[in-house]
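This is data08.cif. It holds mmCIF, C-alpha atoms and all ligand atoms.
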```
data_work
#
loop_
_atom_site.label_atom_id
_atom_site.label_comp_id
_atom_site.auth_asym_id
_atom_site.auth_seq_id
_atom_site.Cartn_x
_atom_site.Cartn_y
_atom_site.Cartn_z
CA MET A 22 -3.93 -22.16 -36.82
CA GLY A 23 -5.46 -19.03 -38.27
CA ALA A 24 -6.75 -15.54 -37.75
CA HIS A 25 -9.82 -13.35 -37.47
CA THR A 26 -10.33 -12.46 -41.14
CA SER A 27 -12.33 -9.74 -42.82
CA ILE A 28 -15.72 -9.99 -44.56
CA SER A 29 -15.59 -6.51 -46.04
CA GLY A 30 -16.71 -6.77 -49.65
CA GLY A 31 -18.32 -10.16 -48.94
CA PHE A 32 -17.73 -13.41 -47.12
CA GLU A 33 -15.24 -14.59 -49.78
CA THR A 34 -12.76 -11.97 -48.55
CA SER A 35 -12.20 -14.12 -45.47
CA ILE A 36 -11.44 -17.17 -47.64
CA LYS A 37 -8.98 -15.18 -49.75
CA GLN A 38 -7.20 -13.93 -46.64
CA ALA A 39 -7.14 -17.45 -45.20
CA LYS A 40 -5.54 -18.75 -48.37
CA TYR A 41 -2.90 -16.03 -48.33
CA LEU A 42 -2.12 -16.71 -44.66
CA GLN A 43 -2.33 -20.52 -45.09
CA CYS A 44 -4.94 -20.76 -42.37
CA HIS A 45 -6.86 -23.91 -41.53
CA ALA A 46 -9.02 -22.07 -39.01
CA ILE A 47 -10.64 -18.65 -39.30
CA GLN A 48 -12.91 -16.44 -37.29
CA ILE A 49 -15.24 -13.89 -38.85
CA PHE A 50 -18.12 -11.62 -37.90
CA SER A 51 -21.29 -12.64 -39.74
CA LYS A 52 -22.27 -8.95 -40.00
CA ASN A 53 -21.07 -5.50 -38.97
CA GLN A 54 -20.18 -6.13 -35.33
CA MET A 55 -21.16 -2.60 -34.25
CA ARG A 56 -24.74 -2.78 -35.61
CA TRP A 57 -27.84 -4.47 -34.29
CA SER A 58 -29.36 -5.45 -37.58
CA ALA A 59 -28.02 -6.77 -40.83
CA PRO A 60 -29.49 -7.84 -44.15
CA GLU A 61 -30.44 -11.52 -44.34
CA ILE A 62 -27.81 -13.79 -45.81
CA ASP A 63 -29.44 -15.25 -48.91
CA ASN A 64 -29.11 -18.99 -49.40
CA LYS A 65 -27.06 -18.66 -52.54
CA THR A 66 -24.43 -16.52 -50.75
CA ALA A 67 -24.29 -19.00 -47.88
CA GLU A 68 -23.95 -22.03 -50.18
CA ASN A 69 -21.26 -20.29 -52.18
CA PHE A 70 -19.33 -19.50 -49.01
CA ILE A 71 -19.62 -23.07 -47.70
CA GLU A 72 -18.35 -24.42 -51.04
CA LYS A 73 -15.41 -21.98 -51.13
CA ARG A 74 -14.55 -22.79 -47.53
CA LYS A 75 -14.46 -26.50 -48.39
CA ARG A 76 -12.16 -25.87 -51.34
CA GLY A 77 -9.99 -23.61 -49.16
CA GLU A 78 -9.52 -26.48 -46.70
CA ILE A 79 -10.66 -24.39 -43.77
CA GLU A 80 -11.18 -27.02 -41.11
CA TYR A 81 -12.61 -24.70 -38.47
CA LEU A 82 -14.94 -21.76 -38.93
CA MET A 83 -15.59 -19.63 -35.87
CA ILE A 84 -17.99 -16.69 -35.77
CA HIS A 85 -17.67 -13.93 -33.21
CA ASP A 86 -20.93 -12.32 -32.14
CA SER A 87 -21.70 -8.60 -32.24
CA TYR A 88 -20.03 -6.40 -29.61
CA LEU A 89 -23.41 -4.82 -28.82
CA ILE A 90 -24.95 -7.95 -27.33
CA ASN A 91 -25.03 -8.05 -23.52
CA LEU A 92 -27.02 -11.10 -22.42
CA GLY A 93 -26.64 -10.03 -18.80
CA ASN A 94 -27.97 -6.49 -19.19
CA PRO A 95 -29.95 -5.61 -16.02
CA ASP A 96 -32.46 -3.64 -18.12
CA GLU A 97 -35.10 -6.17 -19.14
CA LYS A 98 -35.98 -4.52 -22.47
CA LYS A 99 -32.34 -4.25 -23.50
CA ARG A 100 -31.68 -7.82 -22.40
CA GLU A 101 -34.64 -9.02 -24.47
CA ARG A 102 -33.26 -7.21 -27.50
CA ALA A 103 -29.85 -8.78 -26.90
CA LEU A 104 -31.17 -12.32 -26.66
CA ILE A 105 -33.20 -11.93 -29.85
CA ALA A 106 -30.07 -10.61 -31.57
CA PHE A 107 -28.10 -13.55 -30.18
CA ALA A 108 -30.67 -16.03 -31.53
CA ASP A 109 -30.15 -14.34 -34.88
CA GLU A 110 -26.37 -14.81 -34.50
CA ILE A 111 -27.01 -18.53 -33.96
CA ARG A 112 -29.19 -18.68 -37.06
CA ARG A 113 -26.60 -16.91 -39.22
CA ALA A 114 -23.77 -19.07 -37.89
CA LYS A 115 -25.74 -22.22 -38.77
CA GLN A 116 -26.53 -20.84 -42.20
CA LEU A 117 -22.81 -20.29 -42.87
CA GLY A 118 -21.93 -23.77 -41.65
CA ALA A 119 -19.85 -22.51 -38.72
CA ASP A 120 -18.45 -24.86 -36.11
CA TYR A 121 -18.39 -22.36 -33.27
CA LEU A 122 -20.13 -19.13 -32.27
CA VAL A 123 -17.95 -17.23 -29.78
CA PHE A 124 -19.39 -14.62 -27.42
CA HIS A 125 -18.41 -12.53 -24.40
CA PRO A 126 -20.73 -13.53 -21.55
CA GLY A 127 -21.80 -9.97 -20.63
CA SER A 128 -21.45 -6.93 -18.38
CA HIS A 129 -23.23 -6.47 -15.06
CA LEU A 130 -23.44 -2.64 -15.26
CA GLY A 131 -23.65 -2.33 -11.49
CA ILE A 132 -25.74 -5.30 -10.35
CA GLY A 133 -22.70 -7.48 -9.53
CA ASP A 134 -21.20 -10.62 -11.03
CA ASP A 135 -23.50 -13.24 -9.51
CA ARG A 136 -26.84 -11.76 -10.57
CA CYS A 137 -25.40 -11.05 -14.01
CA LEU A 138 -24.34 -14.70 -14.43
CA GLU A 139 -27.94 -15.75 -13.68
CA LEU A 140 -29.34 -13.28 -16.21
CA ILE A 141 -26.87 -14.44 -18.87
CA SER A 142 -27.89 -18.04 -18.27
CA GLU A 143 -31.60 -17.19 -18.60
CA SER A 144 -30.97 -15.23 -21.81
CA LEU A 145 -28.84 -17.98 -23.26
CA LYS A 146 -31.54 -20.56 -22.55
CA LYS A 147 -34.11 -18.39 -24.30
CA SER A 148 -31.86 -17.78 -27.32
CA ILE A 149 -31.23 -21.51 -27.64
CA SER A 150 -34.95 -22.22 -27.42
CA ILE A 151 -35.60 -19.74 -30.25
CA GLU A 152 -32.80 -21.09 -32.44
CA ASP A 153 -31.35 -24.47 -31.52
CA PRO A 154 -27.61 -24.63 -32.31
CA LYS A 155 -27.64 -28.43 -32.30
CA THR A 156 -29.71 -28.67 -35.48
CA GLY A 157 -26.74 -27.13 -37.28
CA ASP A 158 -23.95 -28.94 -35.36
CA LEU A 159 -22.99 -25.55 -33.97
CA MET A 160 -21.40 -25.09 -30.58
CA ILE A 161 -21.64 -21.85 -28.63
CA LEU A 162 -18.36 -20.92 -26.96
CA LEU A 163 -18.18 -18.63 -23.94
CA GLU A 164 -15.04 -16.51 -24.23
CA THR A 165 -12.88 -15.79 -21.20
CA THR A 166 -12.70 -12.03 -20.65
CA ALA A 167 -10.11 -9.65 -19.20
CA GLY A 168 -12.67 -8.38 -16.69
CA GLN A 169 -12.50 -4.84 -17.98
CA GLY A 170 -15.16 -2.49 -16.63
CA THR A 171 -18.11 -4.55 -15.39
CA ASN A 172 -17.49 -7.51 -17.70
CA VAL A 173 -18.05 -10.93 -16.19
CA GLY A 174 -16.25 -14.04 -17.44
CA TYR A 175 -12.80 -13.15 -16.07
CA LYS A 176 -12.84 -16.14 -13.73
CA PHE A 177 -13.15 -19.74 -14.90
CA GLU A 178 -15.81 -20.13 -12.18
CA HIS A 179 -18.04 -17.61 -14.02
CA LEU A 180 -18.05 -19.71 -17.17
CA ALA A 181 -18.56 -22.93 -15.22
CA LYS A 182 -21.54 -21.36 -13.43
CA ILE A 183 -23.24 -20.27 -16.66
CA MET A 184 -22.73 -23.69 -18.23
CA GLU A 185 -24.10 -25.37 -15.13
CA LEU A 186 -27.19 -23.12 -15.03
CA VAL A 187 -27.93 -23.50 -18.75
CA GLY A 188 -27.17 -27.22 -18.83
CA ASP A 189 -27.00 -27.49 -22.60
CA SER A 190 -24.57 -29.75 -24.44
CA SER A 191 -24.01 -27.14 -27.16
CA LEU A 192 -21.89 -24.98 -24.82
CA GLY A 193 -18.08 -24.89 -24.64
CA VAL A 194 -15.27 -22.42 -23.97
CA CYS A 195 -12.87 -20.32 -26.04
CA VAL A 196 -9.79 -19.16 -24.11
CA ASP A 197 -8.30 -15.83 -25.15
CA THR A 198 -4.66 -15.81 -23.99
CA CYS A 199 -4.56 -12.00 -23.68
CA HIS A 200 -7.79 -11.93 -21.67
CA ILE A 201 -6.88 -14.67 -19.17
CA PHE A 202 -3.47 -13.08 -18.59
CA ALA A 203 -5.00 -9.65 -18.02
CA ALA A 204 -7.58 -11.30 -15.76
CA GLY A 205 -4.87 -12.72 -13.52
CA TYR A 206 -4.07 -16.21 -14.91
CA ASP A 207 -0.34 -16.31 -15.48
CA ILE A 208 1.12 -18.37 -18.34
CA ARG A 209 4.57 -16.77 -18.71
CA ASP A 210 6.67 -19.64 -17.35
CA LYS A 211 6.19 -23.39 -17.44
CA LYS A 212 5.00 -23.65 -13.83
CA SER A 213 2.40 -20.90 -14.09
CA TYR A 214 1.24 -22.20 -17.49
CA GLU A 215 0.70 -25.68 -16.04
CA ASP A 216 -1.08 -24.24 -13.00
CA THR A 217 -3.45 -22.22 -15.19
CA ILE A 218 -4.31 -25.22 -17.39
CA ALA A 219 -4.79 -27.39 -14.28
CA SER A 220 -7.08 -24.77 -12.81
CA PHE A 221 -9.15 -24.67 -16.00
CA ASP A 222 -9.38 -28.45 -15.93
CA ASP A 223 -10.49 -28.48 -12.28
CA ILE A 224 -13.11 -25.76 -12.62
CA ILE A 225 -14.46 -26.26 -16.16
CA GLY A 226 -12.86 -29.42 -17.57
CA LEU A 227 -10.45 -29.54 -20.50
CA LYS A 228 -12.93 -31.48 -22.61
CA LEU A 229 -15.06 -28.31 -22.81
CA LEU A 230 -12.14 -26.23 -24.10
CA LYS A 231 -12.75 -26.01 -27.84
CA ALA A 232 -10.74 -23.09 -29.22
CA PHE A 233 -8.19 -20.39 -28.52
CA HIS A 234 -7.77 -16.75 -29.37
CA ILE A 235 -4.00 -16.30 -29.57
CA ASN A 236 -3.01 -12.79 -28.57
CA ASP A 237 -0.22 -11.20 -26.60
CA SER A 238 -1.15 -8.40 -24.18
CA LYS A 239 -0.32 -4.70 -24.30
CA THR A 240 -1.13 -4.41 -20.63
CA GLY A 241 0.45 -6.11 -17.63
CA PHE A 242 -0.47 -9.18 -15.64
CA ALA A 243 -3.82 -8.91 -13.83
CA SER A 244 -4.36 -5.40 -15.25
CA ARG A 245 -8.00 -6.23 -16.13
CA VAL A 246 -7.50 -4.20 -19.32
CA ASP A 247 -8.18 -5.77 -22.72
CA ARG A 248 -5.54 -4.65 -25.28
CA HIS A 249 -4.22 -7.20 -27.74
CA ALA A 250 -0.54 -7.14 -28.78
CA ASN A 251 1.36 -8.95 -31.51
CA ILE A 252 2.88 -12.31 -30.61
CA GLY A 253 6.01 -11.95 -28.49
CA LYS A 254 5.64 -8.15 -28.43
CA GLY A 255 3.58 -7.82 -25.27
CA PHE A 256 3.68 -8.59 -21.58
CA ILE A 257 2.98 -12.32 -22.06
CA GLY A 258 6.06 -12.99 -24.17
CA ILE A 259 6.88 -15.82 -26.54
CA ASP A 260 7.40 -18.68 -24.06
CA ALA A 261 3.70 -19.01 -23.18
CA PHE A 262 2.89 -19.65 -26.84
CA ARG A 263 5.66 -22.26 -27.05
CA PHE A 264 4.11 -24.15 -24.10
CA LEU A 265 0.65 -23.97 -25.62
CA LEU A 266 1.59 -25.00 -29.16
CA ASN A 267 3.57 -27.98 -27.90
CA ASP A 268 0.94 -29.11 -25.39
CA ASP A 269 -0.43 -32.44 -26.68
CA ARG A 270 -3.68 -31.92 -24.78
CA LEU A 271 -4.43 -28.68 -26.63
CA SER A 272 -2.36 -28.30 -29.79
CA SER A 273 -5.01 -29.82 -32.07
CA LEU A 274 -7.61 -27.17 -31.13
CA PRO A 275 -8.29 -24.25 -33.49
CA MET A 276 -6.24 -21.18 -32.56
CA VAL A 277 -6.96 -17.84 -34.19
CA LEU A 278 -5.11 -14.56 -33.94
CA GLU A 279 -6.89 -11.31 -33.10
CA THR A 280 -3.72 -9.21 -33.12
CA PRO A 281 -3.46 -5.64 -34.43
CA GLY A 282 -1.84 -4.48 -37.67
CA GLY A 283 -3.85 -6.20 -40.41
CA ILE A 284 -2.80 -8.92 -42.82
CA SER A 285 0.95 -8.26 -42.85
CA ALA A 286 1.07 -8.35 -39.05
CA TYR A 287 -0.95 -11.61 -39.07
CA LYS A 288 1.58 -13.05 -41.48
CA SER A 289 4.52 -12.29 -39.21
CA ASP A 290 2.59 -13.39 -36.07
CA LEU A 291 1.80 -16.73 -37.75
CA GLU A 292 5.46 -17.11 -38.72
CA SER A 293 6.48 -16.48 -35.10
CA LEU A 294 3.97 -19.09 -33.91
CA ARG A 295 4.80 -21.73 -36.54
CA ALA A 296 8.48 -21.46 -35.60
CA LEU A 297 7.60 -22.59 -32.06
CA PHE A 298 6.39 -26.09 -32.97
ZN ZN B 1 -13.89 -11.78 -28.20
ZN ZN B 2 -10.71 -12.84 -28.13
#
```
I need this file expressed as structure tokens, please.
Ligand SMILES: [Zn+2]
Ligand SMILES: [Zn+2]
Amino acid sequence: MGAHTSISGGFETSIKQAKYLQCHAIQIFSKNQMRWSAPEIDNKTAENFIEKRKRGEIEYLMIHDSYLINLGNPDEKKRERALIAFADEIRRAKQLGADYLVFHPGSHLGIGDDRCLELISESLKKSISIEDPKTGDLMILLETTAGQGTNVGYKFEHLAKIMELVGDSSLGVCVDTCHIFAAGYDIRDKKSYEDTIASFDDIIGLKLLKAFHINDSKTGFASRVDRHANIGKGFIGIDAFRFLLNDDRLSSLPMVLETPGGISAYKSDLESLRALF
């Protein structure tokens, strides 16, 4: 259990926050998520971070890619730029010893879901050929999306299709509870929760589910709007998190919060979650 922690002032900030929150899993950005480029991480900084992470008993390190990257951009030049940037994300994640690199599949910007899924798969293949995640024991996780705007990835079938087209063993899935709910997968009562997990298992396979983003939703069921809420304070409600945390098939996977309100809100969200076990 953990949270998306900050790297402002250096990577150690995330370790300090993890310690304070008693996290065994964290997610970070490896650079400013709103910029294309970033200074190289020097080896000393990376080694220092890996050592501190070990001492901080952080079992899982997830990295979220930059928000600017759209591997399915219909514009060839922009797509090329995105896949180069994504290869760089892979390189940085390996350098920091991350377990998982999480990314949003992409946005079709008018060309439709199916063509976009093909473009994403091509880009992903190229990124992986530039920088192989397997040489660093890194897995790349496709994140489920809310389907806001022209985003793809709001159906389990989308993720299954990309993984099928790429055919690389370094790919897995990160489920964001807010996103799937907003996309139209209900988890509010036991029956709907079980149906959603069964559907994931049918379409993708539970063995490819590697991590969770644990967020409540500020917007209603199937709203296709991505707004995270604090645990138990949104439209999903507390029961869904009780089912998830007590589900033997899934409860050992890393689960990180991306809820609003900073460190003090994380603290109370983690307390709410820990009380559900
Ligand atoms: Zn995300
Ligand atoms: Zn997320």
Find the residues of range 188-274 of chain A that sit at most 10 Å from range 111-121 of chain A; for each, write down the nearest two atoms and how far apart they are in Å, to one decimal. Count only C-alpha atoms. Sort by chain, then by number going up, and give it as a Markdown table.
```
| residue | atom | partner | partner_atom | distance |
| --- | --- | --- | --- | --- |
| A:Ser191 | CA | A:Tyr121 | CA | 9.6 |
| A:Leu192 | CA | A:Tyr121 | CA | 9.5 |
| A:Gly193 | CA | A:Tyr121 | CA | 9.0 |
| A:Val194 | CA | A:Tyr121 | CA | 9.8 |
| A:Cys195 | CA | A:Tyr121 | CA | 9.3 |
| A:Lys231 | CA | A:Tyr121 | CA | 8.6 |
| A:Ala232 | CA | A:Tyr121 | CA | 8.7 |
```
Counting only C-alpha atoms, which of A:Tyr81, A:Asp222, A:Ile284, A:Asp153 gets nearest to Ser27 in chain A?
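Nearest to Ser27 in chain A: A:Ile284.
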With only C-alpha atoms as the basis for distance, which of A:Ile225, A:Ala24, A:Leu163, A:Ala59 is at the shortest distance from Ser289 in chain A?
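Answer, going by the shortest atom-to-atom distance: A:Ala24.
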Do you have the CA of Leu42 in chain A-CA of Asp197 in chain A distance handy?
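The value is 20.5 Å.
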Extract, using all atoms listed in the file, all DNA, RNA and protein residues at most 12 Å from Pro60 in chain A, discarding same-chain residues fewer than 6 positions from it, and format them as a list in words.
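After dropping sequence-adjacent residues, the list is Ser51, Lys52, Asn53, Asp109 and Arg113 of chain A.
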Quick one: distance from CA of Lys239 in chain A to CA of Phe256 in chain A in Å, one decimal?
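Value for the CA of Lys239 in chain A-CA of Phe256 in chain A distance: 6.2 Å.
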